[in-house]
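Visitor: Just passing along the structure, written as structure tokens.
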Amino acid sequence: MSPSLRLYLPGDAAAVSVGADEIADCLHTEAKKRGLNIELVRTGTRGMLWLEPLLEVDIGGERYAFGPMLPEHVPALFDDAFSNAHDCALGPLEELDWMRGQTRWLYRRCGQTDPLNLDEYKANGGLDGLTKALASSSDDVIETVTKSGLRGRGGAGFPAGIKWKTAAGIDADQKYICCNADEGDSGTFADRILMEGDPSLIIEGMVIAGLAVGATQGLIYIRSEYPAAIATMKRAIEMWREVGLLGDDVMGSGRNFDMDVRRGAGSYVCGEESAMLESLEGKRGQVRAKPPIPAFEGLFGKPTIINNVLTLASVPDILAKGGEAYAAVGTGRSLGTQAFQLAGNIKCGGLIEAPFGVTLRELIEDFGGGTLSGRPLRAVQVGGPLGAYIPADQLDLVMDYEAFAAAGAMLGHGGIVVFDDTVDMARQAEFAMEFCVEESCGKCTPCRIGSVRGTETIAKIRKGENVEDNIALVEDLCTTMTDGSLCAMGGLTPMPVMSALKYFREDFETKTAPAAEEVAG
Amino acid sequence: MAHSKTSAIEAACARHNHRADALIEILHDVQHAQGCIDDEAARVIADKLNLSRADVQGVRSFYTDFTAEARRKTPVKICRAEACQAVGSDKLAAALETAGHDLETIFCLGNCALGPAVMVEDRLIGRATAERVAAQMERTK
């Protein structure tokens, strides 16, 4: 038998959704047929989702990429010894423009290593942050996180160091670390990719947070729509426990931290932190009035740190390299890197990790290659279903929390959904209200009733009934929802609605909206 | 028969140490095992967790993953959120409905760069077409 050939293929849900498992089967079958010995490692994804299934082959210590693979492409790979002549050959992976244009800190192991191999995790910088945290005082850890400028990646952008300091300063018999993995925004999948591709990094971040604020219990709340991520996180936690990285004696330090996975159950509003706490307590996911903030009174009334997956996962690296080094990239008060996600009608969709300060245009045109349909881009929704619609002439907007806020938009969790010119923006505004009807927890009136009235009124506008009066009514309703809702669900639903009205008013005023069918035909 | 059903529900409660905060995990287990959480199941759970039946039914009705009645057939879960709308999920939904599938609307499956996204049981389908969904449904039978 010839020496073993090392191949890498993502086991990520997105890659599997377009046939990665079939490619794995074909590789094994073909190798067997030829009497070849192959070692196939299932990794996370590199984030180049349009190239999935993306196969990588180790040739002389360098990874060569082939994609997107179809089963019929497999025999030829073996025929010409994985050479560059293959139809799917992309050349050395690290030299692809998409990879070179990024600053991959958070995702550097994603796609590179087996997500459930702790030795590989350690060999590639894993546990460096935790080792440092165990050797430092809790004040020093919090100081480093504060210096890094790390802000909450879930959307609100609240400084993580300040949140941690608040919880650390409270005397309590029990504190909790809750990782918010209820990634419900359409157009976002960064948490999912990391949970499936490098789960240990998230656990490490949670353990460090626990040590820093004096919490011994952690919970990661993962939406049920992510069965693969749930399975991977559960296995990773068991793995950590087995080698004593979780439990009564973390890394032999005598300190205690353990954690578990909790599943969501199909409710978008449970991504809101107080609704998530209710859900973690086994209740209906209804938001709580604030104050008190969770850092004072959170899970079961105890001080609780709630951070997004990416926030916690940024921490190990921050500790390993120092707060200043992390803060050296980015712009203004948006420091470090962010996982931007290109979605919707986009030619090359996927995940791009880049410093804040990159423009929307660079992401959509340089990385994304424009629309999938090839038609002109008309609108982009950034920050999920509660984010603003941005018109094509504003793509030079800089990815920065403050720049977005100043433009009446929201960076949110970094999701970018692209629409071409067949989109009916009045319909999108109507959908924003419908979504709120569907997902409102029902606790406050502006959200519960406002969304129903909003849906009805926009439907009237779309039918051409008293258009001007009804637009005025929607604007008035949006003001009430913005000012009067308990949380971001009702409070931000007006953002997509009002931005659609502001930039695409012609879609509301014409009785019959530009019909996609006619244009496409 | 009824007895074994009850004992399966009791076992789910025991697995989670009869903790009220694990109610959602228990409901997931029961929903998975019997395809729904009927009133009888809700009664047993309430009893075992020392909750009122209203508490259990309130939680069941809040979350879309839980149903009081079992579905007739395996639903095709289709994402109807923005990223999938941008690549024609509405048209796909219409086609799937015409083909006689039982549709369940989902808002985001986290496969937004490869939409339209569909899920059949735990199997995610990217760049979904009516043909690919039909093929997957055939495999799950």
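Within each chain, counting starts at residue 1; across the structure tokens, chains are named A, B, ... in the order shown, with ligands numbered 1 upward in that order.
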Tell me which protein, DNA and RNA residues are within 6 Å of segment 367-369 of chain A, counting only C-alpha atoms, leaving out same-chain ones fewer than 4 positions away, and put them as a list in words.

Guide: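 After dropping sequence-adjacent residues, the list is Lys347, Cys348, Gly349 and Leu363 of chain A.
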
Visitor: Any chance you can output those residues with N, CA and C atoms as an mmCIF file, in the first residue's frame?

Guide:
```
data_model
loop_
_atom_site.group_PDB
_atom_site.id
_atom_site.type_symbol
_atom_site.label_atom_id
_atom_site.label_comp_id
_atom_site.auth_asym_id
_atom_site.auth_seq_id
_atom_site.Cartn_x
_atom_site.Cartn_y
_atom_site.Cartn_z
ATOM 1 N N LYS A 347 -23.298 36.119 -5.015
ATOM 2 C CA LYS A 347 -22.609 35.120 -5.822
ATOM 3 C C LYS A 347 -21.694 34.252 -4.957
ATOM 4 N N CYS A 348 -20.830 34.897 -4.179
ATOM 5 C CA CYS A 348 -19.910 34.159 -3.320
ATOM 6 C C CYS A 348 -20.243 34.453 -1.868
ATOM 7 N N GLY A 349 -21.158 33.709 -1.335
ATOM 8 C CA GLY A 349 -21.594 33.949 0.039
ATOM 9 C C GLY A 349 -20.765 33.176 1.037
ATOM 10 N N LEU A 363 -16.951 44.234 1.035
ATOM 11 C CA LEU A 363 -17.450 42.902 1.379
ATOM 12 C C LEU A 363 -18.315 42.332 0.255
#
```

Visitor: Neighbours of Gly442 of chain A within 12 Å (only C-alpha atoms; same-chain residues fewer than 2 positions away dropped), as a list in words?

Guide: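 After dropping sequence-adjacent residues, the list is Val269, Ala275, Arg284, Gly285, Gln286, Val287, Arg288, Cys436, Val437, Glu438, Glu439, Ser440, Cys444, Thr445, Pro446, Cys447, Arg448, Ile449, Gly450, Ser451, Val452, Ser485, Leu486, Cys487, Met489 and Gly490 of chain A; Phe62 of chain B.
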
Visitor: Set the distance at 12 Å and use only C-alpha atoms: which residues neighbour Ala94 of chain B once local chain neighbours fewer than 4 positions away are removed? I'd like the list as a list in words.

Guide: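 Residues near the query, excluding close chain neighbours: Ile78, Arg80, Gly88, Ser89, Asp90, Thr98, Ala99, Gly100, His101, Asp102, Leu103, Thr129 and Ala130 of chain B.
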
Visitor: Put those residues in a file: C-alpha atoms, as a compact mmCIF listing (two decimals), in the first residue's frame.

Guide:
```
# COMPACT_ATOMS: atom_id res chain seq x y z
CA ILE B 78 -38.69 25.69 4.89
CA ARG B 80 -39.07 31.93 4.93
CA GLY B 88 -36.82 32.66 -4.13
CA SER B 89 -38.01 30.74 -1.06
CA ASP B 90 -41.58 31.95 -1.64
CA THR B 98 -48.33 22.03 -5.02
CA ALA B 99 -46.30 18.82 -4.80
CA GLY B 100 -48.35 17.90 -1.72
CA HIS B 101 -45.74 18.34 1.02
CA ASP B 102 -46.70 19.35 4.52
CA LEU B 103 -44.83 22.64 5.03
CA THR B 129 -35.19 22.71 -5.22
CA ALA B 130 -38.47 20.82 -5.31
```

Visitor: Write out as a short mmCIF file (atom, residue, chain, number, x, y, z; two decimals) with N, CA and C atoms, in the first residue's frame each polymer residue whose atoms come within 9 Å of Ala426 of chain A, counting only C-alpha atoms; drop sequence neighbours fewer than 2 positions from it.

Guide:
```
data_model
loop_
_atom_site.label_atom_id
_atom_site.label_comp_id
_atom_site.auth_asym_id
_atom_site.auth_seq_id
_atom_site.Cartn_x
_atom_site.Cartn_y
_atom_site.Cartn_z
N VAL A 423 -36.66 42.88 -5.94
CA VAL A 423 -37.27 42.93 -4.61
C VAL A 423 -38.35 44.00 -4.53
N ASP A 424 -39.43 43.67 -3.86
CA ASP A 424 -40.52 44.61 -3.61
C ASP A 424 -40.36 45.08 -2.16
N GLN A 428 -41.21 43.75 1.74
CA GLN A 428 -40.22 43.49 2.79
C GLN A 428 -40.61 44.20 4.09
N ALA A 429 -41.15 45.41 3.97
CA ALA A 429 -41.61 46.14 5.16
C ALA A 429 -42.77 45.40 5.81
N GLU A 430 -43.67 44.91 4.97
CA GLU A 430 -44.81 44.15 5.49
C GLU A 430 -44.32 42.89 6.22
N PHE A 431 -43.31 42.22 5.62
CA PHE A 431 -42.77 41.02 6.25
C PHE A 431 -42.15 41.34 7.61
N ILE A 458 -49.78 48.15 6.32
CA ILE A 458 -48.91 48.05 5.13
C ILE A 458 -49.61 47.23 4.04
N ALA A 459 -50.40 46.25 4.43
CA ALA A 459 -51.17 45.49 3.44
C ALA A 459 -52.11 46.42 2.68
N ILE A 461 -51.67 49.65 2.20
CA ILE A 461 -50.83 50.48 1.32
C ILE A 461 -50.49 49.71 0.04
N ARG A 462 -50.17 48.45 0.21
CA ARG A 462 -49.79 47.64 -0.95
C ARG A 462 -50.96 47.43 -1.92
N VAL A 497 -38.72 48.76 8.51
CA VAL A 497 -39.92 49.37 7.93
C VAL A 497 -39.64 50.81 7.52
N ALA A 500 -37.10 51.17 4.67
CA ALA A 500 -37.72 50.84 3.38
C ALA A 500 -38.54 52.03 2.88
N LEU A 501 -39.27 52.66 3.81
CA LEU A 501 -40.08 53.82 3.44
C LEU A 501 -39.22 55.00 3.02
N PHE A 504 -37.01 53.65 -0.35
CA PHE A 504 -37.68 52.95 -1.46
C PHE A 504 -39.17 53.32 -1.50
N ARG A 505 -39.44 54.60 -1.30
CA ARG A 505 -40.83 55.04 -1.17
C ARG A 505 -41.65 54.72 -2.41
N GLU A 506 -40.99 54.71 -3.55
CA GLU A 506 -41.73 54.44 -4.79
C GLU A 506 -42.43 53.07 -4.74
N ASP A 507 -41.89 52.13 -3.99
CA ASP A 507 -42.52 50.81 -3.91
C ASP A 507 -43.82 50.84 -3.13
N PHE A 508 -43.98 51.86 -2.27
CA PHE A 508 -45.19 51.98 -1.47
C PHE A 508 -46.24 52.80 -2.22
N ALA A 513 -46.64 47.03 -7.26
CA ALA A 513 -45.20 47.04 -7.06
C ALA A 513 -44.53 46.38 -8.26
#
```

Visitor: Check the DSSP output for the backbone and give back, as a list in words, the residues of segment 398-510 of chain A in strand (DSSP E or B).

Guide: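 These are the residues in question: Val398, Gly415, Ile416, Val417, Val418, Phe419 and Asp420 of chain A.
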
Visitor: With only C-alpha atoms as the basis for distance, which of A:Asn256, A:Gln341, A:Gln174, A:Thr457 is at the shortest distance from chain B?

Guide: A:Gln341

Visitor: Using only C-alpha atoms, which protein or nucleic acid residues come within 12 Å of Ser61 of chain B? Drop anything in the same chain fewer than 4 positions from it, and give the result as a list in words.

Guide: Ala265, Gly266, Ser267, Lys283, Arg284, Gly285 and Cys441 of chain A; Ile24, Leu27, Cys36, Ile37, Asp38, Asp39, Ala42, Ala54, Asp55, Val56, Gln57, Asp65, Phe66, Thr67, Ala68 and Glu69 of chain B

Visitor: Restrict the selected residues to C-alpha atoms and save them as a short mmCIF file (atom, residue, chain, number, x, y, z; two decimals), in the first residue's frame.

Guide:
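Final output, selection_26.cif:
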```
data_model
loop_
_atom_site.label_atom_id
_atom_site.label_comp_id
_atom_site.auth_asym_id
_atom_site.auth_seq_id
_atom_site.Cartn_x
_atom_site.Cartn_y
_atom_site.Cartn_z
CA ALA A 265 -37.32 25.60 21.00
CA GLY A 266 -38.03 27.72 17.94
CA SER A 267 -38.55 31.16 19.45
CA LYS A 283 -40.44 29.17 31.27
CA ARG A 284 -42.13 30.95 28.38
CA GLY A 285 -39.56 33.19 26.70
CA CYS A 441 -43.40 37.46 23.22
CA ILE B 24 -37.99 22.68 27.86
CA LEU B 27 -40.65 18.73 26.39
CA CYS B 36 -46.44 15.67 20.28
CA ILE B 37 -47.11 16.75 23.84
CA ASP B 38 -50.77 15.95 24.34
CA ASP B 39 -52.77 17.01 27.37
CA ALA B 42 -48.63 17.69 29.97
CA ALA B 54 -51.23 25.76 33.09
CA ASP B 55 -47.47 26.25 33.49
CA VAL B 56 -46.68 23.28 31.30
CA GLN B 57 -49.30 24.09 28.69
CA ASP B 65 -41.13 23.23 18.37
CA PHE B 66 -43.88 21.78 20.55
CA THR B 67 -47.26 20.64 19.33
CA ALA B 68 -50.33 19.38 21.15
CA GLU B 69 -51.16 17.00 18.32
#
```

Visitor: Within 7 Å of Gly67 of chain A, counting only C-alpha atoms, which residues show up once you throw out same-chain ones fewer than 6 positions away? Write them as a JSON list (two decimals) with N, CA and C atoms, in the first residue's frame, please.

Guide:
```json
[["chain", "number", "residue", "atom", "x", "y", "z"],
["A", 51, "LEU", "N", -18.12, 27.61, -2.35],
["A", 51, "LEU", "CA", -17.21, 26.59, -2.89],
["A", 51, "LEU", "C", -17.45, 25.22, -2.26],
["A", 52, "GLU", "N", -18.40, 25.14, -1.34],
["A", 52, "GLU", "CA", -18.67, 23.86, -0.69],
["A", 52, "GLU", "C", -19.39, 22.91, -1.64],
["A", 53, "PRO", "N", -19.12, 21.60, -1.51],
["A", 53, "PRO", "CA", -18.12, 20.98, -0.65],
["A", 53, "PRO", "C", -16.70, 21.27, -1.14],
["A", 54, "LEU", "N", -15.87, 21.81, -0.23],
["A", 54, "LEU", "CA", -14.51, 22.23, -0.54],
["A", 54, "LEU", "C", -13.54, 21.21, 0.05],
["A", 55, "LEU", "N", -12.91, 20.47, -0.84],
["A", 55, "LEU", "CA", -11.96, 19.44, -0.41],
["A", 55, "LEU", "C", -10.55, 20.03, -0.37],
["A", 88, "CYS", "N", -11.90, 21.20, -10.73],
["A", 88, "CYS", "CA", -12.24, 21.90, -9.49],
["A", 88, "CYS", "C", -11.02, 22.47, -8.78],
["A", 89, "ALA", "N", -9.83, 22.34, -9.36],
["A", 89, "ALA", "CA", -8.61, 22.78, -8.68],
["A", 89, "ALA", "C", -8.61, 24.29, -8.48]]
```

Visitor: Fewer than 4 positions away in the same chain doesn't count, so skip those; otherwise give me all residues within 12 Å of Trp50 of chain A, counting only C-alpha atoms, as a PyMOL selection string.

Guide: (chain A and resi 14-15+17-18+45-46+54+67-69+98+342-351+367-369+372) or (chain B and resi 111-115+126-127)

Visitor: Please find the residues of chain B near chain A - the criterion being any atom within 7 Å, counting only C-alpha atoms - and write them as a list in words.

Guide: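 So the contacting residues turn out to be Ala20, Asp21, Ala22, Leu23, Ile24, Glu25, Gly58, Val59, Phe62, Tyr63, Thr64, Asp65, Ala81, Glu82, Ala83, Cys84, Ala86, Val87, Cys108, Leu109, Gly110, Asn111, Cys112, Ala113, Gly115, Asp122, Leu124, Ile125 and Gly126 of chain B.
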
Visitor: List every residue of segment 6-121 of chain B that DSSP, applied to the backbone, labels as helix (DSSP H, G or I), and write the result as a VMD selection string.

Guide: chain B and resid 6 to 15 20 to 34 39 to 49 53 to 62 82 to 85 89 to 98

Visitor: Write the residues of the preceding selection, restricted to C-alpha atoms, as a PDB file, in the first residue's frame.

Guide:
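Below is the file part_5.pdb, written as the result:
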```
ATOM      1  CA  THR B   6     -46.724   7.356  30.747  1.00  0.00           C
ATOM      2  CA  SER B   7     -43.610   5.621  31.976  1.00  0.00           C
ATOM      3  CA  ALA B   8     -41.612   7.010  29.023  1.00  0.00           C
ATOM      4  CA  ILE B   9     -42.676  10.512  30.019  1.00  0.00           C
ATOM      5  CA  GLU B  10     -41.856   9.814  33.648  1.00  0.00           C
ATOM      6  CA  ALA B  11     -38.439   8.545  32.559  1.00  0.00           C
ATOM      7  CA  ALA B  12     -37.815  11.800  30.655  1.00  0.00           C
ATOM      8  CA  CYS B  13     -38.631  13.753  33.815  1.00  0.00           C
ATOM      9  CA  ALA B  14     -36.362  11.525  35.904  1.00  0.00           C
ATOM     10  CA  ARG B  15     -33.507  11.927  33.426  1.00  0.00           C
ATOM     11  CA  ALA B  20     -38.641  22.592  36.681  1.00  0.00           C
ATOM     12  CA  ASP B  21     -35.928  24.583  34.903  1.00  0.00           C
ATOM     13  CA  ALA B  22     -35.343  21.586  32.619  1.00  0.00           C
ATOM     14  CA  LEU B  23     -38.958  21.709  31.413  1.00  0.00           C
ATOM     15  CA  ILE B  24     -37.987  22.679  27.862  1.00  0.00           C
ATOM     16  CA  GLU B  25     -35.451  19.840  27.617  1.00  0.00           C
ATOM     17  CA  ILE B  26     -38.110  17.423  28.884  1.00  0.00           C
ATOM     18  CA  LEU B  27     -40.653  18.732  26.387  1.00  0.00           C
ATOM     19  CA  HIS B  28     -38.088  18.239  23.597  1.00  0.00           C
ATOM     20  CA  ASP B  29     -37.570  14.637  24.688  1.00  0.00           C
ATOM     21  CA  VAL B  30     -41.297  13.918  24.832  1.00  0.00           C
ATOM     22  CA  GLN B  31     -42.014  15.692  21.540  1.00  0.00           C
ATOM     23  CA  HIS B  32     -39.251  13.649  19.915  1.00  0.00           C
ATOM     24  CA  ALA B  33     -40.433  10.361  21.405  1.00  0.00           C
ATOM     25  CA  GLN B  34     -44.150  10.613  20.694  1.00  0.00           C
ATOM     26  CA  ASP B  39     -52.769  17.010  27.373  1.00  0.00           C
ATOM     27  CA  GLU B  40     -52.139  13.701  29.089  1.00  0.00           C
ATOM     28  CA  ALA B  41     -48.365  14.131  28.693  1.00  0.00           C
ATOM     29  CA  ALA B  42     -48.627  17.693  29.974  1.00  0.00           C
ATOM     30  CA  ARG B  43     -50.524  16.409  33.022  1.00  0.00           C
ATOM     31  CA  VAL B  44     -47.880  13.798  33.831  1.00  0.00           C
ATOM     32  CA  ILE B  45     -45.034  16.301  33.420  1.00  0.00           C
ATOM     33  CA  ALA B  46     -46.796  18.886  35.593  1.00  0.00           C
ATOM     34  CA  ASP B  47     -47.310  16.247  38.261  1.00  0.00           C
ATOM     35  CA  LYS B  48     -43.689  15.059  38.195  1.00  0.00           C
ATOM     36  CA  LEU B  49     -42.174  18.546  38.178  1.00  0.00           C
ATOM     37  CA  ARG B  53     -50.843  22.147  34.239  1.00  0.00           C
ATOM     38  CA  ALA B  54     -51.231  25.755  33.092  1.00  0.00           C
ATOM     39  CA  ASP B  55     -47.466  26.254  33.490  1.00  0.00           C
ATOM     40  CA  VAL B  56     -46.677  23.278  31.297  1.00  0.00           C
ATOM     41  CA  GLN B  57     -49.301  24.088  28.688  1.00  0.00           C
ATOM     42  CA  GLY B  58     -48.180  27.713  28.668  1.00  0.00           C
ATOM     43  CA  VAL B  59     -44.630  26.698  27.841  1.00  0.00           C
ATOM     44  CA  ARG B  60     -45.782  24.140  25.282  1.00  0.00           C
ATOM     45  CA  SER B  61     -47.863  26.726  23.438  1.00  0.00           C
ATOM     46  CA  PHE B  62     -45.163  29.418  23.503  1.00  0.00           C
ATOM     47  CA  GLU B  82     -35.064  37.410   4.411  1.00  0.00           C
ATOM     48  CA  ALA B  83     -31.903  35.704   3.129  1.00  0.00           C
ATOM     49  CA  CYS B  84     -33.929  32.851   1.649  1.00  0.00           C
ATOM     50  CA  GLN B  85     -36.612  35.247   0.363  1.00  0.00           C
ATOM     51  CA  SER B  89     -38.006  30.739  -1.059  1.00  0.00           C
ATOM     52  CA  ASP B  90     -41.577  31.946  -1.645  1.00  0.00           C
ATOM     53  CA  LYS B  91     -41.641  30.336  -5.093  1.00  0.00           C
ATOM     54  CA  LEU B  92     -40.085  27.167  -3.714  1.00  0.00           C
ATOM     55  CA  ALA B  93     -42.699  27.035  -0.945  1.00  0.00           C
ATOM     56  CA  ALA B  94     -45.472  27.315  -3.523  1.00  0.00           C
ATOM     57  CA  ALA B  95     -43.925  24.519  -5.582  1.00  0.00           C
ATOM     58  CA  LEU B  96     -43.545  22.265  -2.552  1.00  0.00           C
ATOM     59  CA  GLU B  97     -47.128  22.890  -1.537  1.00  0.00           C
ATOM     60  CA  THR B  98     -48.326  22.030  -5.025  1.00  0.00           C
TER      61      THR B  98
END
```

Visitor: One decimal, in Å: what's the spacing between atom CA of Phe82 of chain A and atom CA of Tyr64 of chain A?

Guide: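 Result for atom CA of Phe82 of chain A versus atom CA of Tyr64 of chain A: 8.6 Å, one decimal.
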
Visitor: What is the distance between atom CA of Ala172 of chain A and atom CA of Leu299 of chain A, in Å to one decimal?

Guide: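 These atoms are spaced 12.5 Å apart.
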
Visitor: Which distance in Å separates atom CA of Leu219 of chain A and atom CA of Arg235 of chain A, to one decimal?

Guide: 14.5 Å
